[in-house]
Amino acid sequence: MKAAIIMHIDVNSAYLSWSAVEALNQGCQVDLRNIPAVVGGDETKRHGIVLAKSIPAKKFKIKTGETLYSARKKCPNLTVVSPNYPLYLERSRALGKLLSRYTPTIQQFSIDEYFADFSGFERQYGEPMQFAYSLKDTIYKELGFTVNIGVSTNKLLAKMAGDFEKPNKVHSLFPNEIEQKLWVLPIEDLFMLGKKTAPKMRALGIKTIGDLANADTNLIKAKFKKQGVVLQNFANGNGDRLNSFAKQAQKGIGNSTTTAYDIKDRDSAYMVILSLVEMVAYRLRMNKKLCQIITISIKDNQFNSHSHQRQLAVSTDHTSTIYQQAKELFDELWTGIPLRHIGVRLGKLSAADYRQLSLLDQQVSSDKKLDQTLDDIRNRYGKNAVMRASFVNTNVDAMKGGTYNIIDYPMAKSKL
DNA sequence: TCTGGGGTCCTAGGACCC
DNA sequence: TCTGGGGTCCTAGGACCC
């Protein structure tokens, strides 16, 4: 049997590239990709972090996730542009559509990354590396942005290959290249080995991916538990469960928001919670799901986080039920300390087509009708077409949450 | 005007049952 | 009779991804 051919396609500086191309199309004279520039949130709303950076900005050691304040200190004439999420979503889908022309087996891994399975396509497309180069060029020609493509026999290796030199590059990382290309890299470069684990590894003398690959498994198991074993397998190029392209059911739906000002009173908190619940419950219903677990999370002005969750006796998709539970959970959780962030998450999802009817059915069906009516209006006229009276003349959005449009893909860990 | 938002998975401790 | 310990469920917190 011939080895699988898996490719990882990753848009270079996705948000920044997409905004740059859009600006050029609108007649802008400069290409943001060629100057020190970042996509960053709104500092007046306390969203002031770097979401994406250009290569010239990277030369100033600006990092994704750092504050704009800090980024400007490193590069005083930094250009900062606001994110355009609808654009990013559209570009993301355009890339997926292009890839689908070449293989039916693709999987979106994040807004700017796809895996594609080209196993058995050699006769049609030729030698995999040659094909990857032409695919990269086709993407650039048709969509105007550059990508990195990693080529290997499983998703883990393809992804690691895609992270080699950027931008606009194709790299292979086949099993027989692991020693030469993967093992020489610092431990920090391994997928899923983050900034908490890396220092612990280094303290044990494990400095490179090769060191981890060849470390004593019993030691790794003892120190890092299950996750350690997964990481050691990754270091050996074994993607394990990372190999499936099967679609996985979503486990939870959540929305959260950092408020422009600290929340100091219960009524303001309730307003934000209602706004979050409106969004999260709407998304739940659009996905034709019910939830059985509701989690509320808060972050105080000292950046300490806490959460509280509750399992319901009966699954629900009603805004009013979820809101009531969320308020109770919040009251149990909140000590009165000023808050900067509140989140609501729905878990233990099930299909909405088998509904367990309760004694409260009378009440429930009128709630259901209200939810349906509001959903219909929002789908037709936009999310702000209707709002509860309590939001009128306030500066709280009637529906909160960073992303209104939902990308339906399971996240990182479950796929690898 | 200093630190986002959306996810998944794992662990540890306590409750409860047998 | 005395009391150990395994299994499961629940919850809060944390690590990691983009």
# chains A, B, ... in the order shown; residues from 1 in each chain; ligands from 1
$ interface_residues --of "chain B" --to "chain A" --cutoff "6 Å" --atoms "only C-alpha atoms (C1' of nucleotides)" --output "list in words"
DT1, DG4, DG5, DG7 and DT8 of chain B
$ write_last_selection --atoms "N, CA and C atoms (P, O5', C5', C4', C3', O3' and C1' of nucleotides)" --output "PDB file, in the first residue's frame"
ATOM      1  P    DT B   1      -7.436  58.068  28.114  1.00  0.00           P
ATOM      2  O5'  DT B   1      -6.734  56.617  28.325  1.00  0.00           O
ATOM      3  C5'  DT B   1      -7.455  55.569  28.926  1.00  0.00           C
ATOM      4  C4'  DT B   1      -6.883  54.246  28.411  1.00  0.00           C
ATOM      5  C3'  DT B   1      -5.379  54.085  28.691  1.00  0.00           C
ATOM      6  O3'  DT B   1      -5.175  52.757  29.190  1.00  0.00           O
ATOM      7  C1'  DT B   1      -5.801  53.725  26.401  1.00  0.00           C
ATOM      8  P    DG B   4      -7.401  41.017  26.834  1.00  0.00           P
ATOM      9  O5'  DG B   4      -8.147  40.754  25.478  1.00  0.00           O
ATOM     10  C5'  DG B   4      -8.676  41.855  24.718  1.00  0.00           C
ATOM     11  C4'  DG B   4      -9.684  41.305  23.751  1.00  0.00           C
ATOM     12  C3'  DG B   4     -10.687  40.354  24.413  1.00  0.00           C
ATOM     13  O3'  DG B   4     -11.955  40.562  23.830  1.00  0.00           O
ATOM     14  C1'  DG B   4      -9.425  39.171  22.801  1.00  0.00           C
ATOM     15  P    DG B   5     -13.207  39.776  24.412  1.00  0.00           P
ATOM     16  O5'  DG B   5     -13.292  38.512  23.464  1.00  0.00           O
ATOM     17  C5'  DG B   5     -13.572  38.703  22.093  1.00  0.00           C
ATOM     18  C4'  DG B   5     -13.689  37.352  21.431  1.00  0.00           C
ATOM     19  C3'  DG B   5     -14.548  36.353  22.221  1.00  0.00           C
ATOM     20  O3'  DG B   5     -15.429  35.754  21.293  1.00  0.00           O
ATOM     21  C1'  DG B   5     -12.429  35.420  21.733  1.00  0.00           C
ATOM     22  P    DG B   7     -17.431  28.655  19.977  1.00  0.00           P
ATOM     23  O5'  DG B   7     -16.429  27.475  19.731  1.00  0.00           O
ATOM     24  C5'  DG B   7     -16.079  26.620  20.793  1.00  0.00           C
ATOM     25  C4'  DG B   7     -14.747  26.006  20.451  1.00  0.00           C
ATOM     26  C3'  DG B   7     -14.468  24.761  21.271  1.00  0.00           C
ATOM     27  O3'  DG B   7     -14.992  23.650  20.555  1.00  0.00           O
ATOM     28  C1'  DG B   7     -12.547  26.185  21.160  1.00  0.00           C
ATOM     29  P    DT B   8     -15.408  22.351  21.333  1.00  0.00           P
ATOM     30  O5'  DT B   8     -13.987  21.698  21.654  1.00  0.00           O
ATOM     31  C5'  DT B   8     -13.116  21.343  20.587  1.00  0.00           C
ATOM     32  C4'  DT B   8     -11.944  20.568  21.164  1.00  0.00           C
ATOM     33  C3'  DT B   8     -12.390  19.450  22.100  1.00  0.00           C
ATOM     34  O3'  DT B   8     -11.697  18.260  21.774  1.00  0.00           O
ATOM     35  C1'  DT B   8     -10.892  20.923  23.224  1.00  0.00           C
TER      36       DT B   8
END
$ select_by_dssp --residues "segment 83-278 of chain A" --states "alpha helix (DSSP H)" --output "PyMOL selection string"
chain A and resi 85-100+122-125+128-143+155-162+197-203+209-213+217-235+266-278
$ write_last_selection --atoms "C-alpha atoms" --output "PDB file, in the first residue's frame"
ATOM      1  CA  TYR A  85     -14.040  39.459  10.582  1.00  0.00           C
ATOM      2  CA  PRO A  86     -16.676  39.111   7.845  1.00  0.00           C
ATOM      3  CA  LEU A  87     -13.896  39.539   5.277  1.00  0.00           C
ATOM      4  CA  TYR A  88     -11.739  36.911   6.993  1.00  0.00           C
ATOM      5  CA  LEU A  89     -14.595  34.460   7.053  1.00  0.00           C
ATOM      6  CA  GLU A  90     -15.267  35.014   3.377  1.00  0.00           C
ATOM      7  CA  ARG A  91     -11.587  34.594   2.440  1.00  0.00           C
ATOM      8  CA  SER A  92     -11.347  31.488   4.590  1.00  0.00           C
ATOM      9  CA  ARG A  93     -14.267  29.933   2.766  1.00  0.00           C
ATOM     10  CA  ALA A  94     -12.862  30.949  -0.611  1.00  0.00           C
ATOM     11  CA  LEU A  95      -9.688  29.038   0.191  1.00  0.00           C
ATOM     12  CA  GLY A  96     -11.694  25.992   1.233  1.00  0.00           C
ATOM     13  CA  LYS A  97     -13.670  26.171  -2.005  1.00  0.00           C
ATOM     14  CA  LEU A  98     -10.508  26.320  -4.076  1.00  0.00           C
ATOM     15  CA  LEU A  99      -9.018  23.315  -2.281  1.00  0.00           C
ATOM     16  CA  SER A 100     -12.234  21.356  -2.763  1.00  0.00           C
ATOM     17  CA  GLU A 122      -0.246  10.995  -8.008  1.00  0.00           C
ATOM     18  CA  ARG A 123      -1.402   9.753 -11.369  1.00  0.00           C
ATOM     19  CA  GLN A 124      -3.724  12.727 -11.671  1.00  0.00           C
ATOM     20  CA  TYR A 125      -1.592  15.513 -10.186  1.00  0.00           C
ATOM     21  CA  PRO A 128       3.359  15.622  -4.573  1.00  0.00           C
ATOM     22  CA  MET A 129       5.986  18.328  -4.020  1.00  0.00           C
ATOM     23  CA  GLN A 130       5.643  19.600  -7.582  1.00  0.00           C
ATOM     24  CA  PHE A 131       1.897  19.631  -7.175  1.00  0.00           C
ATOM     25  CA  ALA A 132       2.146  21.489  -3.849  1.00  0.00           C
ATOM     26  CA  TYR A 133       4.176  24.241  -5.537  1.00  0.00           C
ATOM     27  CA  SER A 134       1.625  24.634  -8.290  1.00  0.00           C
ATOM     28  CA  LEU A 135      -1.235  24.613  -5.773  1.00  0.00           C
ATOM     29  CA  LYS A 136       0.465  27.372  -3.782  1.00  0.00           C
ATOM     30  CA  ASP A 137       0.849  29.446  -6.954  1.00  0.00           C
ATOM     31  CA  THR A 138      -2.751  28.843  -7.978  1.00  0.00           C
ATOM     32  CA  ILE A 139      -3.936  30.129  -4.602  1.00  0.00           C
ATOM     33  CA  TYR A 140      -1.849  33.251  -5.016  1.00  0.00           C
ATOM     34  CA  LYS A 141      -3.015  33.834  -8.592  1.00  0.00           C
ATOM     35  CA  GLU A 142      -6.694  33.393  -7.825  1.00  0.00           C
ATOM     36  CA  LEU A 143      -6.990  34.759  -4.294  1.00  0.00           C
ATOM     37  CA  LYS A 155      -1.379  15.645   9.633  1.00  0.00           C
ATOM     38  CA  LEU A 156       1.065  16.186  12.488  1.00  0.00           C
ATOM     39  CA  LEU A 157       4.106  16.036  10.206  1.00  0.00           C
ATOM     40  CA  ALA A 158       2.405  18.125   7.512  1.00  0.00           C
ATOM     41  CA  LYS A 159       1.591  20.780  10.083  1.00  0.00           C
ATOM     42  CA  MET A 160       5.105  20.825  11.493  1.00  0.00           C
ATOM     43  CA  ALA A 161       6.429  21.135   7.919  1.00  0.00           C
ATOM     44  CA  GLY A 162       4.112  24.048   7.219  1.00  0.00           C
ATOM     45  CA  THR A 197       5.628  22.621  29.604  1.00  0.00           C
ATOM     46  CA  ALA A 198       8.745  23.784  27.762  1.00  0.00           C
ATOM     47  CA  PRO A 199      10.638  25.001  30.878  1.00  0.00           C
ATOM     48  CA  LYS A 200       9.798  21.754  32.696  1.00  0.00           C
ATOM     49  CA  MET A 201      11.194  19.763  29.778  1.00  0.00           C
ATOM     50  CA  ARG A 202      14.335  21.882  29.691  1.00  0.00           C
ATOM     51  CA  ALA A 203      14.820  21.369  33.417  1.00  0.00           C
ATOM     52  CA  ILE A 209      12.394  17.605  19.804  1.00  0.00           C
ATOM     53  CA  GLY A 210      14.940  14.825  19.245  1.00  0.00           C
ATOM     54  CA  ASP A 211      15.737  14.760  22.977  1.00  0.00           C
ATOM     55  CA  LEU A 212      12.049  14.241  23.719  1.00  0.00           C
ATOM     56  CA  ALA A 213      11.686  11.595  21.013  1.00  0.00           C
ATOM     57  CA  THR A 217       9.077   7.002  28.270  1.00  0.00           C
ATOM     58  CA  ASN A 218       8.563   6.075  31.913  1.00  0.00           C
ATOM     59  CA  LEU A 219      10.118   9.344  33.001  1.00  0.00           C
ATOM     60  CA  ILE A 220       7.946  11.323  30.558  1.00  0.00           C
ATOM     61  CA  LYS A 221       4.849   9.468  31.737  1.00  0.00           C
ATOM     62  CA  ALA A 222       5.674  10.101  35.381  1.00  0.00           C
ATOM     63  CA  LYS A 223       6.338  13.818  34.913  1.00  0.00           C
ATOM     64  CA  PHE A 224       3.815  14.795  32.230  1.00  0.00           C
ATOM     65  CA  LYS A 225       1.090  12.152  32.456  1.00  0.00           C
ATOM     66  CA  LYS A 226      -1.012  11.391  29.420  1.00  0.00           C
ATOM     67  CA  GLN A 227      -0.083  14.605  27.658  1.00  0.00           C
ATOM     68  CA  GLY A 228       3.609  13.728  27.934  1.00  0.00           C
ATOM     69  CA  VAL A 229       3.066  10.480  26.076  1.00  0.00           C
ATOM     70  CA  VAL A 230       1.138  12.298  23.349  1.00  0.00           C
ATOM     71  CA  LEU A 231       3.975  14.810  22.993  1.00  0.00           C
ATOM     72  CA  GLN A 232       6.604  12.092  22.810  1.00  0.00           C
ATOM     73  CA  ASN A 233       4.611  10.398  20.082  1.00  0.00           C
ATOM     74  CA  PHE A 234       4.447  13.707  18.222  1.00  0.00           C
ATOM     75  CA  ALA A 235       8.217  14.079  18.571  1.00  0.00           C
ATOM     76  CA  ARG A 266     -25.282  43.304  39.466  1.00  0.00           C
ATOM     77  CA  ASP A 267     -27.695  44.931  37.022  1.00  0.00           C
ATOM     78  CA  SER A 268     -24.911  45.801  34.594  1.00  0.00           C
ATOM     79  CA  ALA A 269     -23.623  42.254  34.855  1.00  0.00           C
ATOM     80  CA  TYR A 270     -27.100  40.882  34.132  1.00  0.00           C
ATOM     81  CA  MET A 271     -27.313  43.061  31.051  1.00  0.00           C
ATOM     82  CA  VAL A 272     -24.066  41.668  29.670  1.00  0.00           C
ATOM     83  CA  ILE A 273     -25.124  38.140  30.576  1.00  0.00           C
ATOM     84  CA  LEU A 274     -28.448  38.557  28.762  1.00  0.00           C
ATOM     85  CA  SER A 275     -26.653  39.852  25.709  1.00  0.00           C
ATOM     86  CA  LEU A 276     -24.296  36.863  25.739  1.00  0.00           C
ATOM     87  CA  VAL A 277     -27.144  34.423  26.324  1.00  0.00           C
ATOM     88  CA  GLU A 278     -29.090  35.882  23.387  1.00  0.00           C
TER      89      GLU A 278
END
$ select_by_dssp --residues "segment 183-269 of chain A" --states "strand (DSSP E)" --output "PyMOL selection string"
chain A and resi 252-263
$ write_last_selection --atoms "C-alpha atoms" --output "PDB file, in the first residue's frame"
ATOM      1  CA  GLY A 252     -19.831  23.324  23.236  1.00  0.00           C
ATOM      2  CA  ILE A 253     -20.934  26.785  22.157  1.00  0.00           C
ATOM      3  CA  GLY A 254     -19.680  29.813  24.035  1.00  0.00           C
ATOM      4  CA  ASN A 255     -19.499  33.561  23.837  1.00  0.00           C
ATOM      5  CA  SER A 256     -17.620  35.920  26.071  1.00  0.00           C
ATOM      6  CA  THR A 257     -16.735  39.574  26.143  1.00  0.00           C
ATOM      7  CA  THR A 258     -14.306  41.982  27.718  1.00  0.00           C
ATOM      8  CA  THR A 259     -16.199  45.107  28.667  1.00  0.00           C
ATOM      9  CA  ALA A 260     -14.937  48.619  27.971  1.00  0.00           C
ATOM     10  CA  TYR A 261     -15.285  49.422  31.693  1.00  0.00           C
ATOM     11  CA  ASP A 262     -15.233  47.311  34.819  1.00  0.00           C
ATOM     12  CA  ILE A 263     -18.577  45.934  35.872  1.00  0.00           C
TER      13      ILE A 263
END
